[in-house]
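Peer 1: Next comes the structure file protein27.csv, holding CSV, C-alpha atoms.
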```csv
chain,number,residue,atom,x,y,z
A,1,MET,CA,92.6,68.9,-155.8
A,2,LYS,CA,91.4,66.4,-153.2
A,3,ASP,CA,93.8,66.1,-150.3
A,4,ASN,CA,93.7,62.3,-150.5
A,5,THR,CA,95.5,62.3,-153.8
A,6,ILE,CA,98.5,63.9,-152.1
A,7,GLU,CA,101.2,61.5,-151.2
A,8,LYS,CA,104.8,61.9,-150.1
A,9,VAL,CA,107.7,60.5,-152.1
A,10,LYS,CA,110.6,58.5,-150.6
A,11,LEU,CA,113.7,59.1,-152.6
A,12,GLU,CA,115.3,55.8,-151.6
A,13,GLU,CA,112.3,53.9,-152.8
A,14,LYS,CA,112.2,55.7,-156.1
A,15,PHE,CA,116.0,55.3,-156.7
A,16,GLY,CA,115.5,51.6,-156.0
A,17,LEU,CA,113.3,51.4,-159.1
A,18,ILE,CA,116.1,52.8,-161.3
A,19,ASN,CA,118.5,50.3,-162.8
A,20,ASP,CA,120.1,52.3,-165.6
A,21,HIS,CA,122.1,55.5,-165.9
A,22,TRP,CA,121.6,58.9,-167.4
A,23,ASN,CA,117.9,58.2,-167.8
A,24,PRO,CA,115.9,60.7,-165.7
A,25,ARG,CA,112.5,59.8,-164.2
A,26,ILE,CA,109.9,62.3,-163.2
A,27,VAL,CA,108.9,62.0,-159.6
A,28,GLY,CA,107.0,65.3,-159.1
A,29,GLU,CA,105.6,68.3,-161.0
A,30,LEU,CA,105.1,71.9,-159.7
A,31,ASN,CA,104.7,75.3,-161.2
A,32,GLY,CA,105.7,74.0,-164.7
A,33,GLN,CA,108.8,72.5,-163.3
A,34,GLN,CA,109.7,68.9,-162.8
A,35,VAL,CA,111.5,67.0,-160.0
A,36,LYS,CA,113.5,64.2,-161.7
A,37,LEU,CA,115.7,61.5,-160.3
A,38,ALA,CA,118.6,59.8,-162.2
A,39,LYS,CA,121.6,57.6,-161.5
A,40,PHE,CA,124.8,58.9,-163.0
A,41,LEU,CA,127.7,56.6,-163.9
A,42,GLY,CA,130.7,57.4,-166.1
A,43,PRO,CA,131.1,60.5,-168.3
A,44,PHE,CA,128.1,62.2,-169.9
A,45,GLU,CA,128.3,64.5,-172.9
A,46,TRP,CA,129.3,68.2,-173.0
A,47,HIS,CA,126.1,70.2,-173.6
A,48,HIS,CA,124.2,73.3,-172.5
A,49,HIS,CA,120.6,74.4,-172.2
A,50,GLU,CA,119.7,77.5,-174.1
A,51,HIS,CA,116.8,78.6,-171.9
A,52,GLU,CA,116.8,76.5,-168.8
A,53,ASP,CA,118.7,76.6,-165.5
A,54,GLU,CA,119.3,73.2,-163.9
A,55,PHE,CA,119.5,72.2,-160.3
A,56,PHE,CA,121.5,69.1,-159.2
A,57,LEU,CA,121.4,67.7,-155.6
A,58,VAL,CA,123.4,64.6,-154.7
A,59,VAL,CA,121.4,62.2,-152.6
A,60,LYS,CA,124.0,59.4,-152.6
A,61,GLY,CA,127.5,58.9,-154.1
A,62,SER,CA,129.2,61.8,-155.7
A,63,PHE,CA,130.0,63.2,-159.2
A,64,LYS,CA,132.0,65.9,-160.8
A,65,MET,CA,130.4,68.7,-162.8
A,66,GLU,CA,133.0,69.7,-165.4
A,67,LEU,CA,132.6,73.3,-166.6
A,68,ARG,CA,134.9,74.8,-169.2
A,69,ASP,CA,136.9,76.8,-166.5
A,70,LYS,CA,136.7,74.5,-163.5
A,71,THR,CA,135.4,71.2,-162.1
A,72,ILE,CA,133.1,71.1,-159.1
A,73,THR,CA,132.8,67.8,-157.1
A,74,LEU,CA,129.4,67.3,-155.6
A,75,ASN,CA,128.9,65.1,-152.5
A,76,PRO,CA,125.7,64.0,-150.7
A,77,GLY,CA,123.8,67.0,-149.4
A,78,GLU,CA,125.4,69.4,-151.9
A,79,PHE,CA,123.7,71.1,-154.8
A,80,LEU,CA,124.7,73.1,-157.9
A,81,ILE,CA,122.7,75.3,-160.2
A,82,VAL,CA,124.0,75.3,-163.7
A,83,PRO,CA,122.7,78.5,-165.3
A,84,ARG,CA,121.3,78.5,-168.9
A,85,GLY,CA,123.9,78.7,-171.6
A,86,VAL,CA,126.7,77.3,-169.5
A,87,GLU,CA,128.4,74.3,-171.0
A,88,HIS,CA,128.7,71.4,-168.6
A,89,ARG,CA,129.5,67.7,-168.4
A,90,PRO,CA,128.7,65.5,-165.5
A,91,VAL,CA,131.1,62.7,-164.8
A,92,ALA,CA,130.6,60.1,-162.1
A,93,ASP,CA,133.5,57.8,-161.3
A,94,GLN,CA,131.2,55.7,-159.2
A,95,GLU,CA,127.4,55.6,-159.3
A,96,ALA,CA,125.7,58.7,-158.0
A,97,GLU,CA,122.0,59.3,-157.1
A,98,VAL,CA,120.9,62.7,-158.2
A,99,LEU,CA,117.8,64.8,-157.7
A,100,MET,CA,117.2,67.4,-160.4
A,101,PHE,CA,114.8,70.3,-160.6
A,102,GLU,CA,114.2,71.9,-164.0
A,103,PRO,CA,111.5,73.1,-166.4
A,104,ALA,CA,109.2,70.4,-167.8
A,105,THR,CA,110.7,71.3,-171.3
A,106,THR,CA,114.3,70.4,-170.4
A,107,ILE,CA,115.9,67.6,-172.5
A,108,ASN,CA,118.8,65.9,-170.9
A,109,THR,CA,121.2,66.4,-173.8
A,110,GLY,CA,120.4,70.1,-174.1
A,111,ASN,CA,121.7,71.6,-177.4
A,112,LEU,CA,123.1,68.4,-178.8
A,113,PRO,CA,121.7,66.6,-181.8
A,114,GLN,CA,119.4,63.7,-180.8
A,115,SER,CA,121.5,60.6,-179.9
A,116,GLU,CA,121.1,57.3,-178.1
A,117,ARG,CA,121.6,59.3,-174.9
A,118,THR,CA,118.7,61.6,-175.5
A,119,ARG,CA,115.7,60.9,-173.4
A,120,THR,CA,112.3,62.3,-174.3
A,121,ASN,CA,108.9,61.2,-172.9
A,122,LEU,CA,110.4,60.5,-169.6
A,123,GLU,CA,108.8,57.8,-167.4
A,124,THR,CA,107.0,58.9,-164.3
A,125,LEU,CA,107.8,56.8,-161.2
B,1,MET,CA,127.6,84.0,-167.0
B,2,LYS,CA,131.2,83.3,-166.2
B,3,ASP,CA,131.8,79.8,-165.0
B,4,ASN,CA,133.9,81.0,-162.1
B,5,THR,CA,130.9,82.6,-160.4
B,6,ILE,CA,129.2,79.2,-160.2
B,7,GLU,CA,129.6,77.6,-156.8
B,8,LYS,CA,128.1,74.5,-155.1
B,9,VAL,CA,126.0,74.9,-152.0
B,10,LYS,CA,126.5,72.6,-148.9
B,11,LEU,CA,123.1,72.2,-147.2
B,12,GLU,CA,124.7,71.4,-143.8
B,13,GLU,CA,126.8,74.6,-143.9
B,14,LYS,CA,123.8,76.8,-144.8
B,15,PHE,CA,121.5,75.2,-142.1
B,16,GLY,CA,124.3,75.9,-139.7
B,17,LEU,CA,123.8,79.6,-140.3
B,18,ILE,CA,120.1,79.4,-139.4
B,19,ASN,CA,119.2,80.0,-135.7
B,20,ASP,CA,115.5,80.6,-135.9
B,21,HIS,CA,112.4,78.9,-137.1
B,22,TRP,CA,109.8,79.4,-139.9
B,23,ASN,CA,112.1,82.0,-141.5
B,24,PRO,CA,113.0,80.8,-145.0
B,25,ARG,CA,116.4,81.8,-146.5
B,26,ILE,CA,117.1,81.8,-150.2
B,27,VAL,CA,120.0,79.6,-151.2
B,28,GLY,CA,119.4,79.4,-155.0
B,29,GLU,CA,117.4,80.8,-157.9
B,30,LEU,CA,116.5,79.2,-161.2
B,31,ASN,CA,113.9,79.6,-163.8
B,32,GLY,CA,111.9,82.1,-161.7
B,33,GLN,CA,111.9,79.6,-158.8
B,34,GLN,CA,113.8,79.8,-155.6
B,35,VAL,CA,115.5,77.2,-153.4
B,36,LYS,CA,114.8,78.0,-149.8
B,37,LEU,CA,116.0,76.5,-146.5
B,38,ALA,CA,114.2,76.8,-143.2
B,39,LYS,CA,114.2,75.2,-139.8
B,40,PHE,CA,110.7,74.2,-138.5
B,41,LEU,CA,109.8,73.9,-134.9
B,42,GLY,CA,106.3,73.7,-133.3
B,43,PRO,CA,103.1,74.3,-135.2
B,44,PHE,CA,102.9,76.8,-138.1
B,45,GLU,CA,99.6,78.4,-139.3
B,46,TRP,CA,96.9,76.9,-141.5
B,47,HIS,CA,97.2,78.5,-144.9
B,48,HIS,CA,97.2,78.0,-148.6
B,49,HIS,CA,98.8,79.5,-151.7
B,50,GLU,CA,96.4,80.6,-154.4
B,51,HIS,CA,98.7,80.3,-157.4
B,52,GLU,CA,101.8,78.4,-156.2
B,53,ASP,CA,102.7,74.7,-155.6
B,54,GLU,CA,105.2,74.1,-152.9
B,55,PHE,CA,107.9,71.4,-152.6
B,56,PHE,CA,109.1,70.3,-149.1
B,57,LEU,CA,112.1,67.9,-148.7
B,58,VAL,CA,113.3,66.9,-145.3
B,59,VAL,CA,117.0,67.0,-144.9
B,60,LYS,CA,117.2,66.4,-141.1
B,61,GLY,CA,114.6,65.7,-138.4
B,62,SER,CA,111.0,65.2,-139.4
B,63,PHE,CA,107.7,67.1,-139.4
B,64,LYS,CA,104.0,66.5,-140.1
B,65,MET,CA,102.2,68.2,-142.8
B,66,GLU,CA,98.6,68.5,-141.7
B,67,LEU,CA,96.0,68.6,-144.5
B,68,ARG,CA,92.3,68.9,-143.9
B,69,ASP,CA,91.7,65.2,-144.7
B,70,LYS,CA,94.9,63.6,-143.5
B,71,THR,CA,98.4,64.1,-142.0
B,72,ILE,CA,101.6,63.1,-143.7
B,73,THR,CA,104.8,62.6,-141.7
B,74,LEU,CA,107.9,63.5,-143.6
B,75,ASN,CA,111.3,62.0,-142.7
B,76,PRO,CA,114.8,62.7,-144.1
B,77,GLY,CA,114.9,61.9,-147.8
B,78,GLU,CA,111.2,62.3,-148.2
B,79,PHE,CA,109.4,65.1,-150.1
B,80,LEU,CA,105.9,66.3,-150.5
B,81,ILE,CA,104.4,68.7,-153.1
B,82,VAL,CA,101.4,70.7,-151.7
B,83,PRO,CA,99.4,71.8,-154.8
B,84,ARG,CA,98.1,75.4,-155.0
B,85,GLY,CA,94.8,75.9,-153.2
B,86,VAL,CA,95.3,73.1,-150.7
B,87,GLU,CA,95.1,74.2,-147.1
B,88,HIS,CA,98.1,72.9,-145.0
B,89,ARG,CA,99.8,73.3,-141.7
B,90,PRO,CA,103.3,72.1,-141.0
B,91,VAL,CA,104.0,71.0,-137.5
B,92,ALA,CA,107.4,69.9,-136.2
B,93,ASP,CA,107.4,68.2,-132.8
B,94,GLN,CA,111.2,68.5,-132.9
B,95,GLU,CA,113.4,70.7,-135.1
B,96,ALA,CA,113.4,69.8,-138.8
B,97,GLU,CA,115.6,71.1,-141.6
B,98,VAL,CA,113.7,71.5,-144.7
B,99,LEU,CA,114.5,72.4,-148.3
B,100,MET,CA,111.7,74.1,-150.3
B,101,PHE,CA,111.3,74.9,-154.0
B,102,GLU,CA,108.7,77.4,-154.9
B,103,PRO,CA,108.2,80.5,-157.1
B,104,ALA,CA,110.1,83.6,-156.2
B,105,THR,CA,106.7,85.2,-155.5
B,106,THR,CA,105.6,82.8,-152.7
B,107,ILE,CA,105.0,84.2,-149.2
B,108,ASN,CA,105.4,81.8,-146.4
B,109,THR,CA,102.0,82.5,-144.8
B,110,GLY,CA,100.1,82.3,-148.2
B,111,ASN,CA,96.6,83.7,-148.0
B,112,LEU,CA,96.7,84.8,-144.4
B,113,PRO,CA,96.7,88.5,-143.4
B,114,GLN,CA,100.3,89.7,-142.7
B,115,SER,CA,101.4,88.8,-139.2
B,116,GLU,CA,104.5,88.5,-137.2
B,117,ARG,CA,105.1,85.1,-138.9
B,118,THR,CA,105.0,86.6,-142.4
B,119,ARG,CA,108.4,86.8,-144.0
B,120,THR,CA,109.0,89.1,-147.0
B,121,ASN,CA,112.3,90.3,-148.4
B,122,LEU,CA,114.0,87.0,-147.5
B,123,GLU,CA,117.6,86.9,-146.7
B,124,THR,CA,119.9,85.2,-149.1
B,125,LEU,CA,122.6,82.9,-147.6
```
Please re-express this file's structure in structure tokens.

Peer 2:
Amino acid sequence: MKDNTIEKVKLEEKFGLINDHWNPRIVGELNGQQVKLAKFLGPFEWHHHEHEDEFFLVVKGSFKMELRDKTITLNPGEFLIVPRGVEHRPVADQEAEVLMFEPATTINTGNLPQSERTRTNLETL
Amino acid sequence: MKDNTIEKVKLEEKFGLINDHWNPRIVGELNGQQVKLAKFLGPFEWHHHEHEDEFFLVVKGSFKMELRDKTITLNPGEFLIVPRGVEHRPVADQEAEVLMFEPATTINTGNLPQSERTRTNLETL
């Protein structure tokens, strides 16, 4: 790889291009994993991922990760790893900007049947 | 996995436990990858990783990633992915707090012979 194709990514700039919610965009790829950005607002769906662990880091705003046994509130500069198999539902009372790190194979709605919330063929920003 | 073993991580709190430089600590594991935190200060060594891409996100401060063809300055909220095989040298004129994602197998000094800067058996915070 030529050095001159390597560029940094400014999170604020990329989030500025996102005008919807629960629609992850790819902003980086490494080792078969992807770095994704999404804006969260309102409640998402309960779901789990059979084979993939998910990393969520709040960049701006905050959201609650509901698990079956407890709820964890995530603020800027805080991250959570949801291990494979664990049911979870993110809920954002106000808009949150979230960086995710997960395998390239991960679908946002996990085990659920495909719905209007399911995102495949994610856009790369 | 029991939900009640799942806890969030506050970056500021973890960085507060780090009092040295160029000594990555593990703060999370997912999908065979690790989330690491380190404080950078001064110049590191030129090196590359044969089989691993590396992700660097600046949380506080700033540093320069020197590549053979150019230098990229990273500020808070900016990340860079250094692809496998690309020679690089991080240099921090002032202290920087950096989050890294990389495979669990990655050694900080990459292809270099083991030295006093090499860190193996990383501490988990």

Peer 1: Please superimpose chain B upon chain A, fitting all C-alpha atoms matched one to one in order, and report the result as a short mmCIF file (atom, residue, chain, number, x, y, z; two decimals) with C-alpha atoms, in the coordinates of the input.

Peer 2:
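Written out: part20.cif:
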```
data_model
loop_
_atom_site.label_atom_id
_atom_site.label_comp_id
_atom_site.auth_asym_id
_atom_site.auth_seq_id
_atom_site.Cartn_x
_atom_site.Cartn_y
_atom_site.Cartn_z
CA MET B 1 92.59 68.84 -155.80
CA LYS B 2 91.44 66.38 -153.21
CA ASP B 3 93.80 66.06 -150.31
CA ASN B 4 93.69 62.29 -150.45
CA THR B 5 95.51 62.22 -153.79
CA ILE B 6 98.50 63.95 -152.20
CA GLU B 7 101.23 61.51 -151.27
CA LYS B 8 104.85 61.88 -150.04
CA VAL B 9 107.68 60.54 -152.13
CA LYS B 10 110.57 58.47 -150.54
CA LEU B 11 113.74 59.16 -152.56
CA GLU B 12 115.34 55.83 -151.53
CA GLU B 13 112.30 53.85 -152.73
CA LYS B 14 112.20 55.64 -156.12
CA PHE B 15 116.03 55.27 -156.70
CA GLY B 16 115.51 51.63 -155.95
CA LEU B 17 113.34 51.37 -159.03
CA ILE B 18 116.08 52.80 -161.26
CA ASN B 19 118.49 50.26 -162.88
CA ASP B 20 120.11 52.34 -165.55
CA HIS B 21 122.09 55.48 -165.91
CA TRP B 22 121.58 58.99 -167.41
CA ASN B 23 117.85 58.23 -167.79
CA PRO B 24 115.90 60.78 -165.74
CA ARG B 25 112.52 59.77 -164.21
CA ILE B 26 109.89 62.26 -163.18
CA VAL B 27 108.89 62.00 -159.55
CA GLY B 28 107.05 65.36 -159.14
CA GLU B 29 105.63 68.36 -160.96
CA LEU B 30 105.05 71.88 -159.72
CA ASN B 31 104.71 75.26 -161.18
CA GLY B 32 105.70 74.07 -164.68
CA GLN B 33 108.86 72.49 -163.21
CA GLN B 34 109.61 68.87 -162.74
CA VAL B 35 111.45 66.91 -160.04
CA LYS B 36 113.57 64.28 -161.68
CA LEU B 37 115.73 61.44 -160.32
CA ALA B 38 118.57 59.80 -162.19
CA LYS B 39 121.53 57.59 -161.50
CA PHE B 40 124.85 58.82 -163.05
CA LEU B 41 127.70 56.60 -163.95
CA GLY B 42 130.75 57.38 -166.17
CA PRO B 43 131.07 60.50 -168.26
CA PHE B 44 128.02 62.19 -169.86
CA GLU B 45 128.25 64.54 -172.90
CA TRP B 46 129.28 68.19 -173.01
CA HIS B 47 126.16 70.23 -173.52
CA HIS B 48 124.20 73.26 -172.52
CA HIS B 49 120.58 74.36 -172.22
CA GLU B 50 119.68 77.52 -174.08
CA HIS B 51 116.74 78.64 -171.97
CA GLU B 52 116.79 76.48 -168.81
CA ASP B 53 118.73 76.52 -165.48
CA GLU B 54 119.30 73.17 -163.94
CA PHE B 55 119.48 72.15 -160.25
CA PHE B 56 121.54 69.05 -159.24
CA LEU B 57 121.45 67.71 -155.62
CA VAL B 58 123.39 64.65 -154.67
CA VAL B 59 121.49 62.23 -152.58
CA LYS B 60 124.02 59.32 -152.61
CA GLY B 61 127.51 58.87 -154.08
CA SER B 62 129.21 61.81 -155.70
CA PHE B 63 130.00 63.15 -159.18
CA LYS B 64 131.99 65.95 -160.84
CA MET B 65 130.42 68.60 -162.81
CA GLU B 66 132.94 69.69 -165.40
CA LEU B 67 132.65 73.31 -166.59
CA ARG B 68 134.93 74.84 -169.16
CA ASP B 69 136.87 76.82 -166.51
CA LYS B 70 136.70 74.52 -163.53
CA THR B 71 135.35 71.24 -162.04
CA ILE B 72 133.09 71.03 -159.05
CA THR B 73 132.78 67.81 -157.05
CA LEU B 74 129.38 67.30 -155.57
CA ASN B 75 128.85 65.09 -152.49
CA PRO B 76 125.64 64.02 -150.69
CA GLY B 77 123.80 67.07 -149.40
CA GLU B 78 125.41 69.36 -151.88
CA PHE B 79 123.70 71.08 -154.84
CA LEU B 80 124.75 73.04 -157.83
CA ILE B 81 122.67 75.25 -160.18
CA VAL B 82 124.08 75.31 -163.79
CA PRO B 83 122.71 78.55 -165.35
CA ARG B 84 121.29 78.45 -168.91
CA GLY B 85 123.96 78.77 -171.59
CA VAL B 86 126.76 77.30 -169.51
CA GLU B 87 128.43 74.31 -171.08
CA HIS B 88 128.75 71.34 -168.59
CA ARG B 89 129.56 67.70 -168.42
CA PRO B 90 128.69 65.51 -165.48
CA VAL B 91 131.03 62.69 -164.77
CA ALA B 92 130.52 60.06 -162.07
CA ASP B 93 133.53 57.87 -161.30
CA GLN B 94 131.17 55.73 -159.22
CA GLU B 95 127.36 55.60 -159.24
CA ALA B 96 125.63 58.73 -157.94
CA GLU B 97 121.97 59.32 -157.16
CA VAL B 98 120.94 62.70 -158.11
CA LEU B 99 117.80 64.81 -157.74
CA MET B 100 117.21 67.48 -160.43
CA PHE B 101 114.75 70.37 -160.69
CA GLU B 102 114.26 71.86 -164.07
CA PRO B 103 111.46 73.00 -166.43
CA ALA B 104 109.19 70.38 -167.84
CA THR B 105 110.62 71.32 -171.26
CA THR B 106 114.29 70.41 -170.51
CA ILE B 107 115.95 67.63 -172.54
CA ASN B 108 118.77 65.88 -170.88
CA THR B 109 121.26 66.36 -173.75
CA GLY B 110 120.39 70.13 -174.18
CA ASN B 111 121.69 71.57 -177.43
CA LEU B 112 123.19 68.40 -178.81
CA PRO B 113 121.70 66.61 -181.86
CA GLN B 114 119.43 63.71 -180.73
CA SER B 115 121.43 60.61 -179.94
CA GLU B 116 121.06 57.38 -178.15
CA ARG B 117 121.61 59.30 -174.86
CA THR B 118 118.71 61.68 -175.52
CA ARG B 119 115.72 60.95 -173.36
CA THR B 120 112.27 62.33 -174.30
CA ASN B 121 108.89 61.23 -173.01
CA LEU B 122 110.34 60.47 -169.55
CA GLU B 123 108.85 57.85 -167.43
CA THR B 124 107.06 58.89 -164.32
CA LEU B 125 107.75 56.83 -161.14
#
```

Peer 1: Could you list, as a list in words, the residues of chain B having an atom within 7 Å of chain A when counting all atoms listed in the file?

Peer 2: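 Those within range of chain A come out as Asp3, Asn4, Glu7, Lys8, Val9, Lys10, Leu11, Leu30, Asn31, Glu52, Asp53, Leu67, Asp69, Gly77, Glu78, Phe79 and Leu80 of chain B.
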
Peer 1: Selection from above, C-alpha atoms, as an mmCIF file, keeping the file's coordinate frame, can you write it?

Peer 2:
```
data_model
loop_
_atom_site.group_PDB
_atom_site.id
_atom_site.type_symbol
_atom_site.label_atom_id
_atom_site.label_comp_id
_atom_site.auth_asym_id
_atom_site.auth_seq_id
_atom_site.Cartn_x
_atom_site.Cartn_y
_atom_site.Cartn_z
ATOM 1 C CA ASP B 3 131.800 79.800 -165.000
ATOM 2 C CA ASN B 4 133.900 81.000 -162.100
ATOM 3 C CA GLU B 7 129.600 77.600 -156.800
ATOM 4 C CA LYS B 8 128.100 74.500 -155.100
ATOM 5 C CA VAL B 9 126.000 74.900 -152.000
ATOM 6 C CA LYS B 10 126.500 72.600 -148.900
ATOM 7 C CA LEU B 11 123.100 72.200 -147.200
ATOM 8 C CA LEU B 30 116.500 79.200 -161.200
ATOM 9 C CA ASN B 31 113.900 79.600 -163.800
ATOM 10 C CA GLU B 52 101.800 78.400 -156.200
ATOM 11 C CA ASP B 53 102.700 74.700 -155.600
ATOM 12 C CA LEU B 67 96.000 68.600 -144.500
ATOM 13 C CA ASP B 69 91.700 65.200 -144.700
ATOM 14 C CA GLY B 77 114.900 61.900 -147.800
ATOM 15 C CA GLU B 78 111.200 62.300 -148.200
ATOM 16 C CA PHE B 79 109.400 65.100 -150.100
ATOM 17 C CA LEU B 80 105.900 66.300 -150.500
#
```

Peer 1: For CA of Phe63 in chain A and CA of Pro113 in chain A, determine how far apart the two atoms are, in Å to one decimal place.

Peer 2: 24.3 Å

Peer 1: Quick one: of A:Val91, A:Ile26, A:Leu17, A:Met100, who's nearest to Val58 in chain A, counting only C-alpha atoms?

Peer 2: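 Answer, going by the shortest atom-to-atom distance: A:Met100.
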
Peer 1: Between CA of Lys39 in chain B and CA of Asn111 in chain B, what is the spacing in Å?

Peer 2: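 Computed distance, CA of Asn111 in chain B to CA of Lys39 in chain B, equals 21.2 Å.
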
Peer 1: Provide the CA of Leu37 in chain B to CA of Val98 in chain B distance in Å, to one decimal place.

Peer 2: 5.8 Å
